[in-house]
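Colleague: One structure follows; several queries about it will come next.
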Amino acid sequence: MNGRIVVGGGTGFIGKEVVSLFERLDYEVLVISRKKKAKASENWQVKLEILRDERDEESLNQNTRSWIDIEEDGLPSGTVAVVNTAGQNVLDPLRRWSPGFKQNVYNSRVNTNHLLAKAIARSKVKPKAFVHMSGVGFYPPGLSVQDENSDGGKHDFLAKLVTDWERAAQLPVSAKNTPAPTTLVTCIVQPEVPTRVVSLRSGVVLGRNGGLVQQTILPFFLGVGGSMGAGSQLMPWIHVKDLASLIAHCVFSECSGVYNAVAPQTVTNKQFVKVFAREMGRPAIIPLPEFVLKAVFGAERASIITQSQNVQPTRTLESGFNFSYPTIKEAAEEFAHLMYIDPDAIENEK
């Protein structure tokens, strides 16, 4: 074993991919998750609202811990990196965009980052890196090119969420007379904790086992898929396997600060839909109008789908990361299958 990787949210769509990758790289992976599924009516609270009776004996004998375990006991010995992929699904069509749900979305991201940052600060042997998910919602919508040095984080709820999400991951800094950074990218304050902090602002994550692809693959297979909203809006995206690889890249390299987790190819929603349907051998002629998306998700959430964002992975490419799925065609060739077999799972069995 090369060491231990702690993964928050390791049972989710992105988290499972991250866990699988690090296990193939011969790391021991410890997953932080909720032990008991909360009722739909309950708020998702990360801190003391997590019941202590979740610390059952069985879970302690496995590579799984609850958030309260980490808060009380800290990081396990031998932790070389911490990864946080936790977060309530923003585009859950079964949940109304209510104040309570928005608080769940906020808590599941900000509180978990804050808890892990405190655990890292308290640990005797500091991990090399703390890599956490973030979002391109930081950048304002429009056709202008946005990269990691672009301004944002103020224009709506999701933008402000990203600001707090990333701020919660920052580790204690020294009290030297150093100017306050304007962005995380240009941060020059020397941390008391030597752990590198990496914020990955992700676009739409595409993969067969979750997210947008899993939600839409049956309609596309039945030939009733189509563009979402106008279809002309730019859609920042990344294949889930590239996202997991980027996380590993940030752990192993000297990456620090903000990186855009988006593929280098810019596509419109209509282009994505066309390639997706073509790979499945189906037509895509029934569009989903914007008013329907607003009715299902609410105007603020629907804007994630209906508004353009032209986000480029400038620092990501400069760091030396190579995308395995740089184009939407290559990505769709991998995930656009109703009956899907994960190629990595086949490799593991060999």
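Here's how to read the names in the structure tokens: chain A, B, ... by the order shown, residue numbers from 1 in each chain, ligand numbers from 1 in the order shown.
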Skip Ser33 in chain A itself and residues of its chain fewer than 5 positions away, then list as a PyMOL selection string all residues within 7 Å of it, counting only C-alpha atoms.
Modeller: chain A and resi 8-11+65-67
Colleague: Could the residues in this selection be written to a file with N, CA and C atoms, as a CSV table (one decimal), in the first residue's frame?
Modeller:
chain,number,residue,atom,x,y,z
A,8,GLY,N,-14.2,12.1,1.3
A,8,GLY,CA,-15.5,12.5,1.7
A,8,GLY,C,-16.5,12.4,0.6
A,9,GLY,N,-17.7,11.8,0.9
A,9,GLY,CA,-18.7,11.6,-0.2
A,9,GLY,C,-18.3,10.5,-1.1
A,10,GLY,N,-17.6,9.5,-0.6
A,10,GLY,CA,-17.0,8.4,-1.4
A,10,GLY,C,-18.0,7.4,-2.0
A,11,THR,N,-19.3,7.6,-1.5
A,11,THR,CA,-20.4,6.7,-2.0
A,11,THR,C,-21.2,7.3,-3.1
A,65,ARG,N,-16.1,5.8,7.7
A,65,ARG,CA,-16.3,6.5,8.9
A,65,ARG,C,-17.5,7.5,8.6
A,66,SER,N,-18.1,8.0,9.7
A,66,SER,CA,-19.1,9.1,9.6
A,66,SER,C,-18.4,10.4,9.8
A,67,TRP,N,-19.1,11.5,9.4
A,67,TRP,CA,-18.5,12.8,9.6
A,67,TRP,C,-18.3,13.1,11.1
Colleague: Which neighbours of range 194-200 of chain A fall inside 6 Å, counting only C-alpha atoms, when residues of the same chain fewer than 2 positions from it are skipped, and could you give them as a CSV table (one decimal) with N, CA and C atoms, in the first residue's frame?
Modeller:
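Generated file (result_38.csv):
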chain,number,residue,atom,x,y,z
A,127,PRO,N,-1.4,15.7,5.9
A,127,PRO,CA,-1.5,15.1,4.5
A,127,PRO,C,-0.8,16.1,3.5
A,128,LYS,N,-0.4,15.5,2.4
A,128,LYS,CA,0.2,16.3,1.4
A,128,LYS,C,-0.8,17.3,0.7
A,129,ALA,N,-2.0,16.8,0.5
A,129,ALA,CA,-3.0,17.6,-0.2
A,129,ALA,C,-4.4,17.5,0.3
A,130,PHE,N,-5.1,18.5,0.1
A,130,PHE,CA,-6.6,18.5,0.4
A,130,PHE,C,-7.2,19.0,-0.9
A,131,VAL,N,-7.9,18.1,-1.6
A,131,VAL,CA,-8.5,18.4,-2.9
A,131,VAL,C,-10.0,18.3,-2.7
A,132,HIS,N,-10.7,19.4,-3.1
A,132,HIS,CA,-12.1,19.4,-3.0
A,132,HIS,C,-12.8,19.8,-4.2
A,133,MET,N,-14.0,19.4,-4.4
A,133,MET,CA,-14.9,19.8,-5.5
A,133,MET,C,-15.4,21.2,-5.3
A,134,SER,N,-15.6,21.9,-6.4
A,134,SER,CA,-16.2,23.2,-6.4
A,134,SER,C,-17.0,23.3,-7.7
A,202,SER,N,-15.8,22.4,-11.2
A,202,SER,CA,-16.2,21.4,-12.2
A,202,SER,C,-17.4,21.9,-13.0
A,256,SER,N,-1.7,23.6,-6.5
A,256,SER,CA,-2.3,24.4,-5.3
A,256,SER,C,-3.2,25.5,-5.9
A,257,GLY,N,-4.3,25.7,-5.3
A,257,GLY,CA,-5.2,26.8,-5.7
A,257,GLY,C,-6.3,26.3,-6.5
A,258,VAL,N,-6.8,27.1,-7.4
A,258,VAL,CA,-8.0,26.8,-8.2
A,258,VAL,C,-7.7,26.3,-9.6
A,259,TYR,N,-8.4,25.2,-10.0
A,259,TYR,CA,-8.2,24.7,-11.3
A,259,TYR,C,-9.6,24.4,-11.9
A,260,ASN,N,-9.8,24.7,-13.1
A,260,ASN,CA,-11.1,24.5,-13.8
A,260,ASN,C,-11.2,23.0,-14.2
A,261,ALA,N,-12.1,22.3,-13.7
A,261,ALA,CA,-12.3,20.9,-14.1
A,261,ALA,C,-13.3,20.8,-15.2
Colleague: For each of A:Ala332, A:Ile70, A:Leu212, A:Ile217, take the minimum atom-to-atom distance to Leu91 in chain A, counting only C-alpha atoms, then give the residue where this is smallest.
Modeller: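 The answer is A:Leu212, which sits nearest to Leu91 in chain A.
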Colleague: Write down as a PyMOL selection string the residues of range 84-199 of chain A whose backbone DSSP state falls under strand (DSSP E or B).
Modeller: chain A and resi 84+129-135+142-146+173+191+196-199
Colleague: If we count only C-alpha atoms, what is near Val213 in chain A at a cut-off of 10 Å, once residues fewer than 4 positions away on the same chain are taken out, given as a list in words?
Modeller: Val204, Val205, Leu206, Gly207, Arg208, Asn209, Ile217, Leu218, Phe220, Phe276, Ala332, Phe335, Ala336 and His337 of chain A
Colleague: Name all residues at most 9 Å from range 293-296 of chain A (count only C-alpha atoms; drop same-chain ones fewer than 5 positions away) and give them as a list of chain:residue names.
Modeller: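 Residues meeting the cut-off are A:Pro93, A:Leu94, A:Arg96, A:Met228, A:Gly229, A:Leu288, A:Arg301, A:Ala302, A:Ser303, A:Ile305, A:Thr306.
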Colleague: Using DSSP on the backbone coordinates, identify the residues of range 71-277 of chain A assigned to alpha helix (DSSP H); present them as a PyMOL selection string.
Modeller: chain A and resi 71-73+99-122+157-168+211-221+240-252+269-277
Colleague: Hey, can you check how far CA of Phe157 in chain A sits from CA of Gln170 in chain A?
Modeller: 20.6 Å
Colleague: Taking only C-alpha atoms into account, name the residue in A:Thr64, A:Ser245, A:Thr79, A:Thr112 that is nearest to Tyr27 in chain A.
Modeller: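 Ranking A:Thr64, A:Ser245, A:Thr79, A:Thr112 by distance to Tyr27 in chain A, first place goes to A:Thr79.
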Colleague: Neighbouring residues of Ser144 in chain A were defined as those with any atom within 10 Å, considering only C-alpha atoms; residues of the same chain fewer than 5 positions away were excluded. Please report them as an mmCIF file with N, CA, C and O atoms, in the first residue's frame.
Modeller:
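Dumped to out_18.cif:
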data_model
loop_
_atom_site.group_PDB
_atom_site.id
_atom_site.type_symbol
_atom_site.label_atom_id
_atom_site.label_comp_id
_atom_site.auth_asym_id
_atom_site.auth_seq_id
_atom_site.Cartn_x
_atom_site.Cartn_y
_atom_site.Cartn_z
ATOM 1 N N SER A 308 -25.429 30.122 -20.912
ATOM 2 C CA SER A 308 -24.086 29.816 -21.423
ATOM 3 C C SER A 308 -23.021 30.122 -20.390
ATOM 4 O O SER A 308 -23.124 31.104 -19.635
ATOM 5 N N GLN A 309 -21.992 29.282 -20.377
ATOM 6 C CA GLN A 309 -20.759 29.564 -19.659
ATOM 7 C C GLN A 309 -19.601 29.076 -20.523
ATOM 8 O O GLN A 309 -19.582 27.910 -20.927
ATOM 9 N N ASN A 310 -18.669 29.961 -20.800
ATOM 10 C CA ASN A 310 -17.526 29.625 -21.649
ATOM 11 C C ASN A 310 -16.287 29.522 -20.755
ATOM 12 O O ASN A 310 -15.534 30.483 -20.590
ATOM 13 N N VAL A 311 -16.100 28.357 -20.160
ATOM 14 C CA VAL A 311 -15.046 28.153 -19.163
ATOM 15 C C VAL A 311 -13.913 27.327 -19.758
ATOM 16 O O VAL A 311 -14.158 26.284 -20.369
#
Colleague: When you count only C-alpha atoms, which of these residues is closest to Ile304 in chain A: A:Ala119, A:Leu143, A:Leu25, A:Leu158?
Modeller: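 Closest to Ile304 in chain A of all the choices is A:Leu158.
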Colleague: Between CA of Leu21 in chain A and CA of Ala244 in chain A, what distance in Å does the model show, to one decimal?
Modeller: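 Taking CA of Leu21 in chain A and CA of Ala244 in chain A, their separation equals 7.0 Å.
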Colleague: In Å, how far is it from CA of Asp164 in chain A to CA of Pro99 in chain A?
Modeller: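 Computed distance, CA of Asp164 in chain A to CA of Pro99 in chain A, equals 17.2 Å.
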